[in-house]
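What follows is a short report on a single structure.
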Amino acid sequence: VLWKDILYWFLVDPFKYKESDLPFDIKNSMVKEKNIVILKWYEEQLLKLDKTLVKIDKKLNILKIIAPKNLSQERLKFVESKGTYVPKFEYNEVWFDVLALINQVSKIEIPDIPLWHIYELKKQEILNKLYFVNAFVKQNIKDLTKYSKLLYWDITQENLIQAKEVISHKPEVVSEEEFLTIDEIRDYIKKFNHIYSVNITLVEKDTWARFSIKWDKLYVISRVWVWKRELRAIIAHEIEWHYLRKINGQKAKFSILSNWTANYISTEEWLAIHNQNRFLSRKDSKYYSIFERYYFLDYAQKNNYKKLVEEHLKYYEDKYSLAFNYIVRLKRWVKDVTQNYVFTKDVVYLNWFNDIKSFIKNGWKIN
């Protein structure tokens, strides 16, 4: 439930007015008809703009672009060599003309009307994504680093200190007794399909992440093992936040709300993390993942690949497959993982997680 004084800080739908909430000018009977026509014209322009930008953004399936064709094979070589093998990734060809799309997006004009700023920011984000993909095609490390930081930000010293502090005082993790098989996970998902009247299917796939959701499919890494309480937190993150947010967004006229506004990943992820942590305690290993990812991202920026592997194996006690998954998360987009490049997406979890704690602490005031 969101109270009216909370909703004051959010623009929910500027084109739906109750009679008592109409803009000042529109209450004047002499100009009411004229203003309704103006609002309708604004809406038509925005819907056209919305359709154009969202269509292009959907084409930029980042996860599909960065999924190596040989991920399983390279993982096996890494594990069998006990971490001494250096992975060499092969990627599929980008299936669209990147430069043509950059030219097309650059020419899109954003009218100076209500909500224009949302679409102006979205246009710039799409351009940054396209420049990022172009850097990937050319394997231009300098530009990959530049646009990774523009899209996902970078380490802050304050949050790095916090990450180090948390993991240095990490208590002994208490393992749950019950591991779930893939069939048990599938049955558990059916329970939430019933609760929310949805039809999410579980799909096994060799991916970067153990769990990720895309529309009605919850992807799970092959041969996954997961604890029951941990799975409840994953559902809170993937289904009860990411998925339901998209479903609710579809009820709006504007597709950008069911897809992604600019920089959505910052607010989206810290709210998802907040939601999942309601089901975790400080004795659960998953609670510490955002702090560990932050620490290792900083470590990767300051050290070479060999030292990065050694630090992971030391921290994760020679669990080679686990170390491989975390190392390659940091090296997404490159073929040669030894290059001085780090994908900075993992900073968003901690950078913005602290913001939501402040948001709640200060009475849900956005400022």
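We name chains A, B, ... following the order of the structure tokens; residues begin at 1 in each chain, and ligands are numbered from 1 as shown.
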request  = Find the residues near segment 139-154 of chain A: any atom within 12 Å, counting only C-alpha atoms, skip ones fewer than 4 places away on the same chain, and give them as a PyMOL selection string.
outcome  = chain A and resi 91+121-122+124-135+158-160+262-267+269+294+297-298+301+330-352
query = Between A:Ser358, A:Ser175, A:Asn275, A:Thr84, which one has atoms that come closest to His237 of chain A, using only C-alpha atoms?
reply = A:Asn275
message = Show me, as number ranges by chain, the residues that have an atom within 10 Å of Glu240 of chain A when counting only C-alpha atoms, minus same-chain residues fewer than 6 positions from it.
response = A: 192, 196, 233-234, 272, 275-276
Residue selection dump (N, CA and C atoms) as a short mmCIF file (atom, residue, chain, number, x, y, z; two decimals), in the first residue's frame:
data_model
loop_
_atom_site.label_atom_id
_atom_site.label_comp_id
_atom_site.auth_asym_id
_atom_site.auth_seq_id
_atom_site.Cartn_x
_atom_site.Cartn_y
_atom_site.Cartn_z
N PHE A 192 4.25 -20.55 -6.63
CA PHE A 192 4.16 -19.10 -6.84
C PHE A 192 3.40 -18.78 -8.13
N TYR A 196 0.26 -16.09 -7.75
CA TYR A 196 0.18 -14.85 -8.54
C TYR A 196 -0.57 -15.03 -9.85
N ALA A 233 14.57 -16.64 -1.25
CA ALA A 233 15.13 -15.30 -1.48
C ALA A 233 15.27 -15.03 -2.97
N ILE A 234 15.65 -16.04 -3.74
CA ILE A 234 15.79 -15.89 -5.20
C ILE A 234 14.45 -15.57 -5.84
N ALA A 272 15.21 -5.10 -5.60
CA ALA A 272 15.19 -6.57 -5.65
C ALA A 272 16.07 -7.15 -4.53
N ASN A 275 14.31 -6.75 -1.29
CA ASN A 275 13.23 -7.73 -1.19
C ASN A 275 13.75 -9.12 -0.83
N GLN A 276 14.86 -9.54 -1.47
CA GLN A 276 15.40 -10.87 -1.19
C GLN A 276 15.97 -10.98 0.22
#
note = Counting only C-alpha atoms, closest pick from A:Leu322, A:Val198, A:Ile118, A:Ile182 relative to Leu49 of chain A is A:Ile118
inquiry  = Restricting the calculation to only C-alpha atoms: of A:Lys59, A:Ile65, A:Ile155, A:Thr52, which residue gets closest to Lys107 of chain A?
reply    = A:Thr52
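If you measure from each of A:Ala300, A:Ala100, A:Ile273, A:Leu60 to Lys357 of chain A using only C-alpha atoms, the closest one turns out to be A:Ile273.
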task = Within 9 Å of Tyr320 of chain A, counting only C-alpha atoms, which residues show up once you throw out same-chain ones fewer than 4 positions away? Write them as number ranges by chain, please.
result = A: 75, 78-80, 82-83, 312-313, 316, 324-325
Written selection (C-alpha atoms) as a PDB file, in the first residue's frame:
ATOM      1  CA  ARG A  75      34.721 -23.868 -17.500  1.00  0.00           C
ATOM      2  CA  PHE A  78      39.552 -24.267 -15.954  1.00  0.00           C
ATOM      3  CA  VAL A  79      38.283 -26.760 -13.356  1.00  0.00           C
ATOM      4  CA  GLU A  80      40.369 -29.678 -14.664  1.00  0.00           C
ATOM      5  CA  LYS A  82      42.732 -26.379 -11.072  1.00  0.00           C
ATOM      6  CA  GLY A  83      42.595 -22.757 -12.158  1.00  0.00           C
ATOM      7  CA  HIS A 312      39.133 -16.003  -5.729  1.00  0.00           C
ATOM      8  CA  LEU A 313      40.479 -19.492  -5.079  1.00  0.00           C
ATOM      9  CA  TYR A 316      36.263 -19.633  -2.033  1.00  0.00           C
ATOM     10  CA  PHE A 324      35.334 -19.483 -12.584  1.00  0.00           C
ATOM     11  CA  ASN A 325      31.738 -18.209 -12.608  1.00  0.00           C
TER      12      ASN A 325
END
message = With only C-alpha atoms as the counted atoms, please give the residues lying no more than 12 Å from Ile247 of chain A, apart from itself and same-chain residues fewer than 2 positions off, as JSON, numbers by chain.
response = {"A": [196, 197, 198, 199, 214, 215, 216, 239, 240, 241, 242, 243, 244, 245, 249, 250, 251, 252, 255, 257, 258, 259]}
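Checking A:Lys77, A:Phe353, A:Val86, A:Pro171 one by one against Tyr305 of chain A, counting only C-alpha atoms, you find the shortest gap at A:Val86.
With atom CA of Ala323 of chain A on one side and atom CA of Leu308 of chain A on the other, the separation reads 9.8 Å.
Atom pair atom CA of Trp260 of chain A / atom CA of Ala67 of chain A has a distance of 20.9 Å (rounded to one decimal).
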